[in-house]
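Structure data (compact mmCIF, C-alpha atoms) from my_file_39.txt:
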```
# COMPACT_ATOMS: atom_id res chain seq x y z
CA MET J 1 142.82 82.51 92.33
CA THR J 2 144.67 81.45 89.18
CA THR J 3 148.33 82.31 88.81
CA ASN J 4 147.48 84.76 86.06
CA GLU J 5 144.94 86.51 88.28
CA ALA J 6 147.39 86.80 91.18
CA ILE J 7 150.08 88.17 88.86
CA LYS J 8 147.69 90.87 87.60
CA GLU J 9 146.17 91.54 91.04
CA ARG J 10 149.48 91.99 92.93
CA ALA J 11 150.22 95.62 93.75
CA SER J 12 152.61 97.53 96.02
CA TYR J 13 150.42 98.63 98.94
CA ARG J 14 151.73 101.54 101.00
CA GLY J 15 148.61 102.34 103.06
CA LYS J 16 147.52 101.40 106.57
CA TYR J 17 146.59 97.86 107.63
CA LEU J 18 143.69 96.53 109.68
CA GLU J 19 144.59 95.10 113.11
CA GLU J 20 143.18 91.66 112.17
CA PRO J 21 146.04 89.19 112.70
CA VAL J 22 147.50 86.93 110.01
CA SER J 23 147.29 83.28 111.09
CA ARG J 24 150.40 81.19 111.52
CA ASP J 25 149.01 78.84 108.88
CA ALA J 26 148.79 81.68 106.36
CA LEU J 27 152.27 82.94 107.23
CA LYS J 28 153.67 79.44 106.79
CA ILE J 29 152.02 79.07 103.36
CA ILE J 30 153.57 82.41 102.33
CA MET J 31 157.02 81.46 103.64
CA GLU J 32 156.84 78.05 101.95
CA ALA J 33 156.02 79.83 98.68
CA GLY J 34 159.20 81.87 99.13
CA LEU J 35 161.33 78.81 99.82
CA ALA J 36 159.89 77.08 96.72
CA ALA J 37 161.49 79.65 94.41
CA PRO J 38 164.43 78.53 92.28
CA SER J 39 168.00 79.48 93.22
CA GLY J 40 171.24 79.43 91.23
CA CYS J 41 172.52 75.82 91.27
CA ASN J 42 169.95 75.16 94.03
CA ARG J 43 172.18 76.92 96.59
CA GLN J 44 169.07 78.08 98.54
CA THR J 45 170.73 81.32 99.64
CA THR J 46 167.45 82.80 100.91
CA SER J 47 166.02 82.38 104.42
CA ILE J 48 162.95 83.96 106.00
CA VAL J 49 161.82 85.23 109.40
CA ALA J 50 158.18 86.10 110.08
CA VAL J 51 157.44 88.38 113.01
CA ASP J 52 153.97 88.36 114.58
CA ASP J 53 154.93 88.71 118.26
CA SER J 54 153.47 91.94 119.64
CA ASP J 55 156.52 92.80 121.80
CA LEU J 56 158.86 92.41 118.84
CA LEU J 57 156.54 94.31 116.51
CA GLU J 58 156.50 97.16 119.02
CA GLN J 59 160.29 97.33 118.97
CA ILE J 60 160.52 97.12 115.19
CA ARG J 61 157.68 99.45 114.14
CA PRO J 62 159.42 102.73 115.04
CA LEU J 63 162.23 101.71 112.66
CA ILE J 64 159.84 100.85 109.83
CA LYS J 65 158.24 104.30 110.10
CA ARG J 66 156.20 104.32 106.93
CA VAL J 67 155.35 101.45 104.59
CA GLY J 68 154.05 98.50 106.59
CA ALA J 69 154.42 100.01 110.07
CA THR J 70 150.82 99.13 110.93
CA ALA J 71 150.89 95.60 109.49
CA PRO J 72 150.04 92.79 111.97
CA ALA J 73 152.88 90.66 110.58
CA LEU J 74 156.24 91.42 108.99
CA ILE J 75 158.23 88.98 106.89
CA PHE J 76 161.96 89.63 106.69
CA VAL J 77 164.02 88.18 103.89
CA LEU J 78 167.57 87.06 104.73
CA SER J 79 170.27 86.44 102.16
CA GLU J 80 173.63 84.69 102.17
CA LYS J 81 176.32 85.43 99.59
CA ILE J 82 177.20 81.89 98.46
CA ALA J 83 179.09 81.18 95.23
CA SER J 84 177.10 79.32 92.60
CA TYR J 85 177.55 78.71 88.83
CA ARG J 86 181.23 79.19 87.91
CA GLY J 87 181.96 80.91 91.19
CA ASN J 88 179.50 83.74 90.57
CA CYS J 89 176.94 84.64 93.21
CA TYR J 90 173.25 84.82 92.30
CA SER J 91 171.87 85.61 95.75
CA ILE J 92 170.05 88.77 94.61
CA GLN J 93 168.27 86.79 91.90
CA ASP J 94 167.51 84.04 94.44
CA TYR J 95 165.88 86.29 97.03
CA SER J 96 164.04 88.34 94.40
CA ALA J 97 162.38 85.20 93.03
CA ALA J 98 161.50 84.19 96.60
CA ILE J 99 160.02 87.65 97.28
CA GLU J 100 157.93 87.57 94.11
CA ASN J 101 156.58 84.12 95.02
CA MET J 102 155.63 85.44 98.46
CA LEU J 103 153.96 88.57 97.04
CA LEU J 104 151.84 86.41 94.73
CA GLN J 105 150.96 84.02 97.55
CA ILE J 106 150.06 86.97 99.81
CA THR J 107 147.80 88.28 97.03
CA GLU J 108 146.13 84.89 96.58
CA LEU J 109 145.40 84.70 100.31
CA GLY J 110 143.71 88.12 100.20
CA TYR J 111 146.38 90.11 102.00
CA ALA J 112 148.31 93.18 100.91
CA SER J 113 152.06 93.79 100.95
CA CYS J 114 154.90 95.81 99.47
CA TRP J 115 158.50 94.96 98.52
CA VAL J 116 160.46 97.20 100.94
CA GLU J 117 164.13 96.74 100.13
CA GLY J 118 166.01 100.01 99.57
CA TYR J 119 164.85 101.41 102.90
CA MET J 120 166.21 98.28 104.63
CA THR J 121 169.60 98.08 102.94
CA ASP J 122 170.53 101.63 102.01
CA PHE J 123 173.43 102.65 104.27
CA LYS J 124 171.87 106.02 105.14
CA ASP J 125 169.40 104.33 107.47
CA GLY J 126 170.87 100.97 108.33
CA VAL J 127 167.33 99.93 109.22
CA GLY J 128 167.85 96.32 108.15
CA LYS J 129 170.92 96.02 110.39
CA GLN J 130 169.05 97.47 113.37
CA ILE J 131 166.15 95.04 112.90
CA ALA J 132 168.58 92.11 112.48
CA LYS J 133 170.07 93.08 115.85
CA ILE J 134 166.66 93.14 117.55
CA LEU J 135 165.84 89.70 116.11
CA LYS J 136 169.35 88.39 116.89
CA ILE J 137 169.76 87.21 113.33
CA ASP J 138 172.96 85.25 112.60
CA SER J 139 175.59 87.57 111.14
CA LYS J 140 176.04 85.27 108.13
CA PHE J 141 172.74 86.68 106.80
CA GLU J 142 171.99 90.12 105.40
CA LEU J 143 168.45 91.35 106.03
CA VAL J 144 167.54 92.53 102.54
CA CYS J 145 163.79 93.07 102.49
CA CYS J 146 160.68 93.57 104.59
CA LEU J 147 157.28 92.35 103.40
CA PRO J 148 154.43 93.63 105.57
CA VAL J 149 151.43 91.29 105.57
CA GLY J 150 147.85 92.12 106.52
CA LYS J 151 144.41 93.16 105.35
CA PRO J 152 144.52 96.61 103.73
CA ALA J 153 142.55 99.37 105.48
CA GLU J 154 142.64 101.61 102.41
CA GLU J 155 142.12 101.26 98.70
CA ILE J 156 144.93 99.47 96.83
CA LYS J 157 146.20 101.71 94.04
CA ARG J 158 147.99 100.40 91.00
CA VAL J 159 150.88 102.19 89.27
CA GLU J 160 150.64 102.79 85.56
CA LYS J 161 152.99 100.80 83.35
CA LYS J 162 154.28 101.35 79.86
CA PRO J 163 152.30 99.57 77.12
CA PHE J 164 153.36 96.07 76.01
CA GLU J 165 154.70 97.39 72.67
CA GLU J 166 157.29 99.55 74.42
CA ARG J 167 158.76 96.72 76.49
CA ALA J 168 158.20 93.48 74.57
CA TRP J 169 158.80 92.22 71.05
CA PHE J 170 158.72 89.12 68.88
CA ASN J 171 161.77 88.18 66.81
CA LEU J 172 163.32 91.60 67.18
CA GLU J 173 165.74 91.71 64.23
CA LYS J 174 163.10 91.96 61.49
CA MET O 1 145.83 76.27 88.45
CA THR O 2 145.97 78.22 91.71
CA THR O 3 149.00 80.39 92.45
CA ASN O 4 150.02 78.02 95.21
CA GLU O 5 149.87 75.04 92.84
CA ALA O 6 151.97 76.82 90.20
CA ILE O 7 154.54 77.82 92.82
CA LYS O 8 154.88 74.19 93.95
CA GLU O 9 154.70 72.76 90.41
CA ARG O 10 157.38 75.02 88.87
CA ALA O 11 160.66 73.21 88.27
CA SER O 12 163.86 73.82 86.33
CA TYR O 13 163.54 71.59 83.27
CA ARG O 14 166.78 70.73 81.47
CA GLY O 15 165.51 67.96 79.17
CA LYS O 16 164.43 67.90 75.52
CA TYR O 17 161.29 69.59 74.24
CA LEU O 18 158.56 68.38 71.87
CA GLU O 19 158.41 70.15 68.49
CA GLU O 20 154.82 71.34 69.14
CA PRO O 21 154.92 75.12 68.79
CA VAL O 22 153.92 77.61 71.48
CA SER O 23 151.15 79.91 70.22
CA ARG O 24 151.67 83.66 70.00
CA ASP O 25 148.74 84.06 72.41
CA ALA O 26 150.48 81.89 75.01
CA LEU O 27 153.79 83.71 74.52
CA LYS O 28 152.05 87.05 74.95
CA ILE O 29 150.36 85.92 78.19
CA ILE O 30 153.79 84.82 79.50
CA MET O 31 155.45 88.09 78.49
CA GLU O 32 152.63 90.14 80.03
CA ALA O 33 153.12 88.21 83.26
CA GLY O 34 156.76 89.25 83.20
CA LEU O 35 155.94 92.90 82.59
CA ALA O 36 153.40 92.84 85.46
CA ALA O 37 156.17 92.23 88.02
CA PRO O 38 157.06 95.07 90.37
CA SER O 39 160.21 97.16 89.80
CA GLY O 40 162.10 99.53 92.08
CA CYS O 41 160.25 102.90 92.00
CA ASN O 42 158.34 101.52 88.99
CA ARG O 43 161.36 102.13 86.73
CA GLN O 44 160.36 99.13 84.55
CA THR O 45 163.97 98.26 83.76
CA THR O 46 163.05 94.88 82.25
CA SER O 47 162.14 94.24 78.61
CA ILE O 48 161.45 90.99 76.81
CA VAL O 49 161.99 89.43 73.37
CA ALA O 50 160.31 86.17 72.39
CA VAL O 51 161.81 84.23 69.51
CA ASP O 52 159.68 81.71 67.62
CA ASP O 53 160.92 82.36 64.08
CA SER O 54 162.51 79.20 62.69
CA ASP O 55 165.36 81.00 60.87
CA LEU O 56 166.32 82.88 64.03
CA LEU O 57 165.99 79.78 66.19
CA GLU O 58 168.33 77.96 63.80
CA GLN O 59 170.95 80.70 64.24
CA ILE O 60 170.58 80.85 68.02
CA ARG O 61 170.35 77.14 68.88
CA PRO O 62 174.04 76.29 68.28
CA LEU O 63 174.90 78.97 70.88
CA ILE O 64 172.40 77.63 73.44
CA LYS O 65 173.97 74.17 73.13
CA ARG O 66 172.35 72.49 76.13
CA VAL O 67 169.41 73.66 78.25
CA GLY O 68 166.55 74.73 75.99
CA ALA O 69 168.26 74.15 72.65
CA THR O 70 165.32 72.07 71.41
CA ALA O 71 162.58 74.41 72.70
CA PRO O 72 160.15 75.73 70.03
CA ALA O 73 160.29 79.20 71.59
CA LEU O 74 162.92 81.14 73.51
CA ILE O 75 162.19 84.15 75.67
CA PHE O 76 165.12 86.51 76.25
CA VAL O 77 165.11 88.89 79.19
CA LEU O 78 166.68 92.32 78.63
CA SER O 79 167.75 94.64 81.42
CA GLU O 80 168.65 98.32 81.65
CA LYS O 81 170.73 99.72 84.51
CA ILE O 82 168.55 102.68 85.56
CA ALA O 83 168.95 104.41 88.93
CA SER O 84 166.01 104.05 91.29
CA TYR O 85 165.48 104.63 95.07
CA ARG O 86 168.19 107.02 96.36
CA GLY O 87 170.25 106.57 93.21
CA ASN O 88 170.70 102.84 93.72
CA CYS O 89 169.94 100.44 90.89
CA TYR O 90 167.56 97.52 91.45
CA SER O 91 167.56 96.12 87.94
CA ILE O 92 168.64 92.61 89.03
CA GLN O 93 165.73 92.47 91.47
CA ASP O 94 163.42 93.83 88.76
CA TYR O 95 164.28 91.25 86.12
CA SER O 96 164.34 88.40 88.65
CA ALA O 97 160.77 89.17 89.72
CA ALA O 98 159.78 89.33 86.03
CA ILE O 99 161.46 85.97 85.37
CA GLU O 100 159.74 84.31 88.33
CA ASN O 101 156.36 85.62 87.14
CA MET O 102 157.05 84.19 83.68
CA LEU O 103 158.16 80.81 85.08
CA LEU O 104 154.92 80.55 87.08
CA GLN O 105 152.83 81.60 84.08
CA ILE O 106 154.66 79.08 81.89
CA THR O 107 153.90 76.39 84.48
CA GLU O 108 150.21 77.36 84.63
CA LEU O 109 149.96 77.10 80.85
CA GLY O 110 151.39 73.57 80.95
CA TYR O 111 154.80 74.34 79.48
CA ALA O 112 158.27 73.69 80.88
CA SER O 113 161.19 76.11 81.22
CA CYS O 114 164.42 76.84 83.05
CA TRP O 115 166.06 80.06 84.30
CA VAL O 116 169.23 80.14 82.17
CA GLU O 117 171.24 83.15 83.31
CA GLY O 118 174.86 82.38 84.18
CA TYR O 119 175.45 80.72 80.83
CA MET O 120 174.16 83.88 79.08
CA THR O 121 176.08 86.49 81.11
CA ASP O 122 179.26 84.76 82.25
CA PHE O 123 182.11 86.37 80.33
CA LYS O 124 183.73 83.02 79.47
CA ASP O 125 181.06 82.38 76.85
CA GLY O 126 179.59 85.75 76.00
CA VAL O 127 176.58 83.81 74.72
CA GLY O 128 174.12 86.56 75.66
CA LYS O 129 176.14 89.14 73.72
CA GLN O 130 176.27 86.90 70.65
CA ILE O 131 172.50 86.33 70.74
CA ALA O 132 171.87 90.06 71.25
CA LYS O 133 173.89 90.67 68.08
CA ILE O 134 171.86 88.18 66.06
CA LEU O 135 168.61 89.77 67.27
CA LYS O 136 170.01 93.31 66.78
CA ILE O 137 169.05 94.24 70.31
CA ASP O 138 169.62 97.89 71.24
CA SER O 139 172.96 98.26 73.06
CA LYS O 140 171.25 99.98 76.01
CA PHE O 141 170.01 96.52 77.05
CA GLU O 142 171.95 93.63 78.53
CA LEU O 143 170.59 90.21 77.61
CA VAL O 144 170.55 88.59 81.05
CA CYS O 145 168.49 85.44 80.76
CA CYS O 146 167.01 82.86 78.41
CA LEU O 147 163.76 81.08 79.21
CA PRO O 148 163.07 78.18 76.84
CA VAL O 149 159.34 77.49 76.45
CA GLY O 150 157.70 74.30 75.22
CA LYS O 151 156.12 70.98 76.10
CA PRO O 152 158.60 68.71 77.86
CA ALA O 153 159.55 65.49 76.05
CA GLU O 154 160.98 63.94 79.20
CA GLU O 155 160.03 63.62 82.84
CA ILE O 156 160.36 66.82 84.88
CA LYS O 157 162.62 66.17 87.87
CA ARG O 158 162.52 68.26 91.03
CA VAL O 159 165.59 69.15 93.08
CA GLU O 160 165.53 68.41 96.76
CA LYS O 161 165.39 71.38 99.11
CA LYS O 162 166.29 71.84 102.75
CA PRO O 163 163.40 71.42 105.19
CA PHE O 164 161.36 74.48 106.24
CA GLU O 165 162.90 74.49 109.74
CA GLU O 166 166.40 75.06 108.35
CA ARG O 167 165.44 78.11 106.32
CA ALA O 168 162.47 79.78 108.02
CA TRP O 169 161.59 80.90 111.53
CA PHE O 170 159.01 82.82 113.55
CA ASN O 171 160.10 85.65 115.86
CA LEU O 172 163.72 84.52 115.78
CA GLU O 173 165.11 86.13 118.96
CA LYS O 174 163.30 83.88 121.44
```

Translate the structure of the given file into structure tokens.
Amino acid sequence: MTTNEAIKERASYRGKYLEEPVSRDALKIIMEAGLAAPSGCNRQTTSIVAVDDSDLLEQIRPLIKRVGATAPALIFVLSEKIASYRGNCYSIQDYSAAIENMLLQITELGYASCWVEGYMTDFKDGVGKQIAKILKIDSKFELVCCLPVGKPAEEIKRVEKKPFEERAWFNLEK
Amino acid sequence: MTTNEAIKERASYRGKYLEEPVSRDALKIIMEAGLAAPSGCNRQTTSIVAVDDSDLLEQIRPLIKRVGATAPALIFVLSEKIASYRGNCYSIQDYSAAIENMLLQITELGYASCWVEGYMTDFKDGVGKQIAKILKIDSKFELVCCLPVGKPAEEIKRVEKKPFEERAWFNLEK
């Protein structure tokens, strides 16, 4: 699949997944794609944990509840707030680029996924913190995102986007 | 180029560019790749302006100074702070995913680029604000990033990254 095809093909999948497992090789390719993303001043503030162990999945799934709860593998994105260019922190940018790389790689490998962030980090649930506890993740990291990975059991629907002309321009001032 | 190849090939290029222009078709493919990125609750908070007009480039280049100043085209990323999931704003995530898509698409098309953000937004320079003024960009947008686009005149160097084992794990708790 070309890059352009993967970019157009990627969609946020919120349906059920088939039980068919995702191989370790595939998970590693996806994780490596995430780690290959750029980061502010190469600070590499993003780390990744993939969960495919059935006991762990059983503990985590009740917390996930909806999007991705049936996926055979879950990738969690961890972020560290490290100062970069001129003392500013670009960790959100860093992990977002890593997530997008992983979503495209997941698409190329024929799997479905969805960027589940707000539900992990929003204080009303504290879901990310609970999952970090189960996985015994070092407290220096914040668990910022869950990417379910698996073969979709339902049709992948695409959201409608505004036309190009409403969001993009050439040489704007004229 | 496969997605995996583009992900591995992408690098932050800070050298000089050849004068060879970037076609409008290529610029549009890159911009469309950016717009195809996901956004929190599909709020589409990211917009894009590509500059290839020689008069405008002449006005903007002295502000760019270093990275990308010789590029035949400059893509500026615009962001709107719009509330999304549970009233939180995910505009940084949105534009970062759009930028990563564009960097991969630029790579696939055989061009070089670099994610230039801090230099645009850091208050010490106010470069982004000055460029937004030249381009008469609507004040509802913040100019958050510049992506130079062009054929590299020098060798593309890759930064070294930590090994996989230091940044990624399977089923961490064991």

What's the 9 Å shell around J:Val51, counting all atoms listed in the file, without same-chain residues fewer than 6 positions away, as a PyMOL selection string? (chain J and resi 57+72-76) or (chain O and resi 169-172)

How would chain J read as a compact mmCIF listing (two decimals) with C-alpha atoms, keeping the file's coordinate frame once least-squares superposed on chain O using all paired C-alpha atoms?
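And here is the file that came out, part-v8.txt:
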```
# COMPACT_ATOMS: atom_id res chain seq x y z
CA MET J 1 145.86 76.28 88.43
CA THR J 2 145.98 78.23 91.70
CA THR J 3 148.99 80.39 92.45
CA ASN J 4 150.00 78.01 95.21
CA GLU J 5 149.86 75.05 92.83
CA ALA J 6 151.96 76.81 90.20
CA ILE J 7 154.53 77.82 92.82
CA LYS J 8 154.86 74.19 93.96
CA GLU J 9 154.69 72.76 90.42
CA ARG J 10 157.38 75.02 88.88
CA ALA J 11 160.66 73.20 88.29
CA SER J 12 163.87 73.82 86.34
CA TYR J 13 163.54 71.58 83.27
CA ARG J 14 166.77 70.73 81.47
CA GLY J 15 165.52 67.95 79.16
CA LYS J 16 164.43 67.91 75.53
CA TYR J 17 161.27 69.60 74.23
CA LEU J 18 158.57 68.40 71.86
CA GLU J 19 158.41 70.17 68.47
CA GLU J 20 154.82 71.35 69.13
CA PRO J 21 154.90 75.14 68.77
CA VAL J 22 153.92 77.62 71.48
CA SER J 23 151.15 79.92 70.23
CA ARG J 24 151.67 83.65 70.01
CA ASP J 25 148.75 84.05 72.40
CA ALA J 26 150.49 81.90 75.01
CA LEU J 27 153.80 83.71 74.53
CA LYS J 28 152.06 87.05 74.95
CA ILE J 29 150.37 85.92 78.19
CA ILE J 30 153.79 84.82 79.50
CA MET J 31 155.47 88.09 78.49
CA GLU J 32 152.64 90.14 80.01
CA ALA J 33 153.12 88.21 83.26
CA GLY J 34 156.78 89.26 83.20
CA LEU J 35 155.95 92.90 82.58
CA ALA J 36 153.42 92.84 85.46
CA ALA J 37 156.17 92.24 88.02
CA PRO J 38 157.06 95.09 90.37
CA SER J 39 160.20 97.17 89.81
CA GLY J 40 162.10 99.54 92.10
CA CYS J 41 160.25 102.89 92.02
CA ASN J 42 158.33 101.52 89.00
CA ARG J 43 161.35 102.14 86.75
CA GLN J 44 160.36 99.13 84.56
CA THR J 45 163.98 98.27 83.76
CA THR J 46 163.06 94.89 82.25
CA SER J 47 162.14 94.25 78.61
CA ILE J 48 161.45 90.97 76.81
CA VAL J 49 161.99 89.43 73.38
CA ALA J 50 160.31 86.16 72.39
CA VAL J 51 161.81 84.23 69.51
CA ASP J 52 159.67 81.71 67.61
CA ASP J 53 160.91 82.35 64.06
CA SER J 54 162.50 79.18 62.69
CA ASP J 55 165.35 80.99 60.87
CA LEU J 56 166.31 82.87 64.02
CA LEU J 57 165.99 79.78 66.19
CA GLU J 58 168.34 77.97 63.82
CA GLN J 59 170.95 80.69 64.23
CA ILE J 60 170.58 80.84 68.01
CA ARG J 61 170.36 77.13 68.88
CA PRO J 62 174.04 76.30 68.29
CA LEU J 63 174.90 78.97 70.88
CA ILE J 64 172.42 77.63 73.43
CA LYS J 65 173.97 74.16 73.16
CA ARG J 66 172.35 72.49 76.12
CA VAL J 67 169.42 73.65 78.24
CA GLY J 68 166.55 74.71 76.00
CA ALA J 69 168.25 74.14 72.64
CA THR J 70 165.31 72.07 71.41
CA ALA J 71 162.58 74.39 72.69
CA PRO J 72 160.15 75.72 70.03
CA ALA J 73 160.29 79.20 71.59
CA LEU J 74 162.92 81.14 73.52
CA ILE J 75 162.20 84.16 75.69
CA PHE J 76 165.11 86.51 76.28
CA VAL J 77 165.11 88.89 79.19
CA LEU J 78 166.69 92.32 78.65
CA SER J 79 167.75 94.64 81.43
CA GLU J 80 168.65 98.32 81.67
CA LYS J 81 170.72 99.73 84.52
CA ILE J 82 168.54 102.68 85.58
CA ALA J 83 168.95 104.43 88.94
CA SER J 84 166.00 104.06 91.28
CA TYR J 85 165.48 104.64 95.05
CA ARG J 86 168.17 107.03 96.34
CA GLY J 87 170.24 106.58 93.22
CA ASN J 88 170.69 102.84 93.72
CA CYS J 89 169.93 100.44 90.89
CA TYR J 90 167.56 97.52 91.45
CA SER J 91 167.57 96.12 87.92
CA ILE J 92 168.63 92.61 89.02
CA GLN J 93 165.73 92.48 91.46
CA ASP J 94 163.41 93.84 88.75
CA TYR J 95 164.27 91.24 86.11
CA SER J 96 164.35 88.39 88.64
CA ALA J 97 160.78 89.17 89.71
CA ALA J 98 159.78 89.33 86.03
CA ILE J 99 161.46 85.96 85.36
CA GLU J 100 159.73 84.32 88.32
CA ASN J 101 156.35 85.63 87.13
CA MET J 102 157.04 84.19 83.68
CA LEU J 103 158.15 80.81 85.07
CA LEU J 104 154.92 80.55 87.07
CA GLN J 105 152.83 81.60 84.08
CA ILE J 106 154.66 79.07 81.87
CA THR J 107 153.89 76.39 84.48
CA GLU J 108 150.21 77.37 84.62
CA LEU J 109 149.95 77.11 80.84
CA GLY J 110 151.39 73.57 80.93
CA TYR J 111 154.80 74.33 79.48
CA ALA J 112 158.26 73.70 80.88
CA SER J 113 161.18 76.10 81.22
CA CYS J 114 164.42 76.83 83.05
CA TRP J 115 166.05 80.04 84.30
CA VAL J 116 169.25 80.13 82.18
CA GLU J 117 171.24 83.15 83.31
CA GLY J 118 174.86 82.36 84.19
CA TYR J 119 175.47 80.71 80.82
CA MET J 120 174.18 83.88 79.10
CA THR J 121 176.10 86.47 81.09
CA ASP J 122 179.28 84.78 82.26
CA PHE J 123 182.16 86.37 80.33
CA LYS J 124 183.74 83.01 79.46
CA ASP J 125 181.07 82.38 76.84
CA GLY J 126 179.60 85.74 75.98
CA VAL J 127 176.59 83.82 74.71
CA GLY J 128 174.13 86.55 75.67
CA LYS J 129 176.13 89.14 73.72
CA GLN J 130 176.27 86.91 70.64
CA ILE J 131 172.50 86.33 70.73
CA ALA J 132 171.87 90.07 71.25
CA LYS J 133 173.89 90.69 68.08
CA ILE J 134 171.86 88.17 66.07
CA LEU J 135 168.61 89.77 67.28
CA LYS J 136 170.01 93.30 66.78
CA ILE J 137 169.05 94.23 70.31
CA ASP J 138 169.62 97.89 71.25
CA SER J 139 172.94 98.26 73.06
CA LYS J 140 171.23 99.99 75.99
CA PHE J 141 169.99 96.53 77.06
CA GLU J 142 171.94 93.64 78.53
CA LEU J 143 170.60 90.20 77.62
CA VAL J 144 170.55 88.59 81.06
CA CYS J 145 168.49 85.42 80.77
CA CYS J 146 167.02 82.85 78.41
CA LEU J 147 163.76 81.07 79.22
CA PRO J 148 163.06 78.18 76.85
CA VAL J 149 159.34 77.48 76.46
CA GLY J 150 157.70 74.29 75.21
CA LYS J 151 156.11 70.98 76.09
CA PRO J 152 158.61 68.71 77.86
CA ALA J 153 159.55 65.48 76.05
CA GLU J 154 160.99 63.94 79.21
CA GLU J 155 160.03 63.62 82.84
CA ILE J 156 160.36 66.83 84.89
CA LYS J 157 162.61 66.18 87.88
CA ARG J 158 162.51 68.25 91.01
CA VAL J 159 165.58 69.16 93.09
CA GLU J 160 165.52 68.42 96.78
CA LYS J 161 165.37 71.40 99.11
CA LYS J 162 166.29 71.85 102.73
CA PRO J 163 163.40 71.43 105.19
CA PHE J 164 161.37 74.49 106.25
CA GLU J 165 162.92 74.48 109.75
CA GLU J 166 166.41 75.06 108.35
CA ARG J 167 165.45 78.12 106.31
CA ALA J 168 162.48 79.77 108.03
CA TRP J 169 161.59 80.90 111.53
CA PHE J 170 159.01 82.80 113.55
CA ASN J 171 160.12 85.61 115.86
CA LEU J 172 163.73 84.53 115.78
CA GLU J 173 165.12 86.14 118.95
CA LYS J 174 163.31 83.88 121.44
```

Residues of chain O were defined as contacting chain J if any atom lay at most 6 Å from it, counting all atoms listed in the file; please report them as a PyMOL selection string. chain O and resi 1-3+47-51+93+96-97+100+135-136+167-173

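Picture a line from atom CA of J:Leu18 to atom CA of J:Ala71; it runs 7.3 Å.
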
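As for atom CA of O:Leu63 and atom CA of O:Gly128, they are spaced 9.0 Å apart.
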
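Atom CA of O:Ser79 sits 23.0 Å away from atom CA of O:Ala112.
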
From the list O:Glu142, O:Pro21, O:Ile82, O:Pro148, the nearest residue to O:Arg61 using all atoms listed in the file is O:Pro148
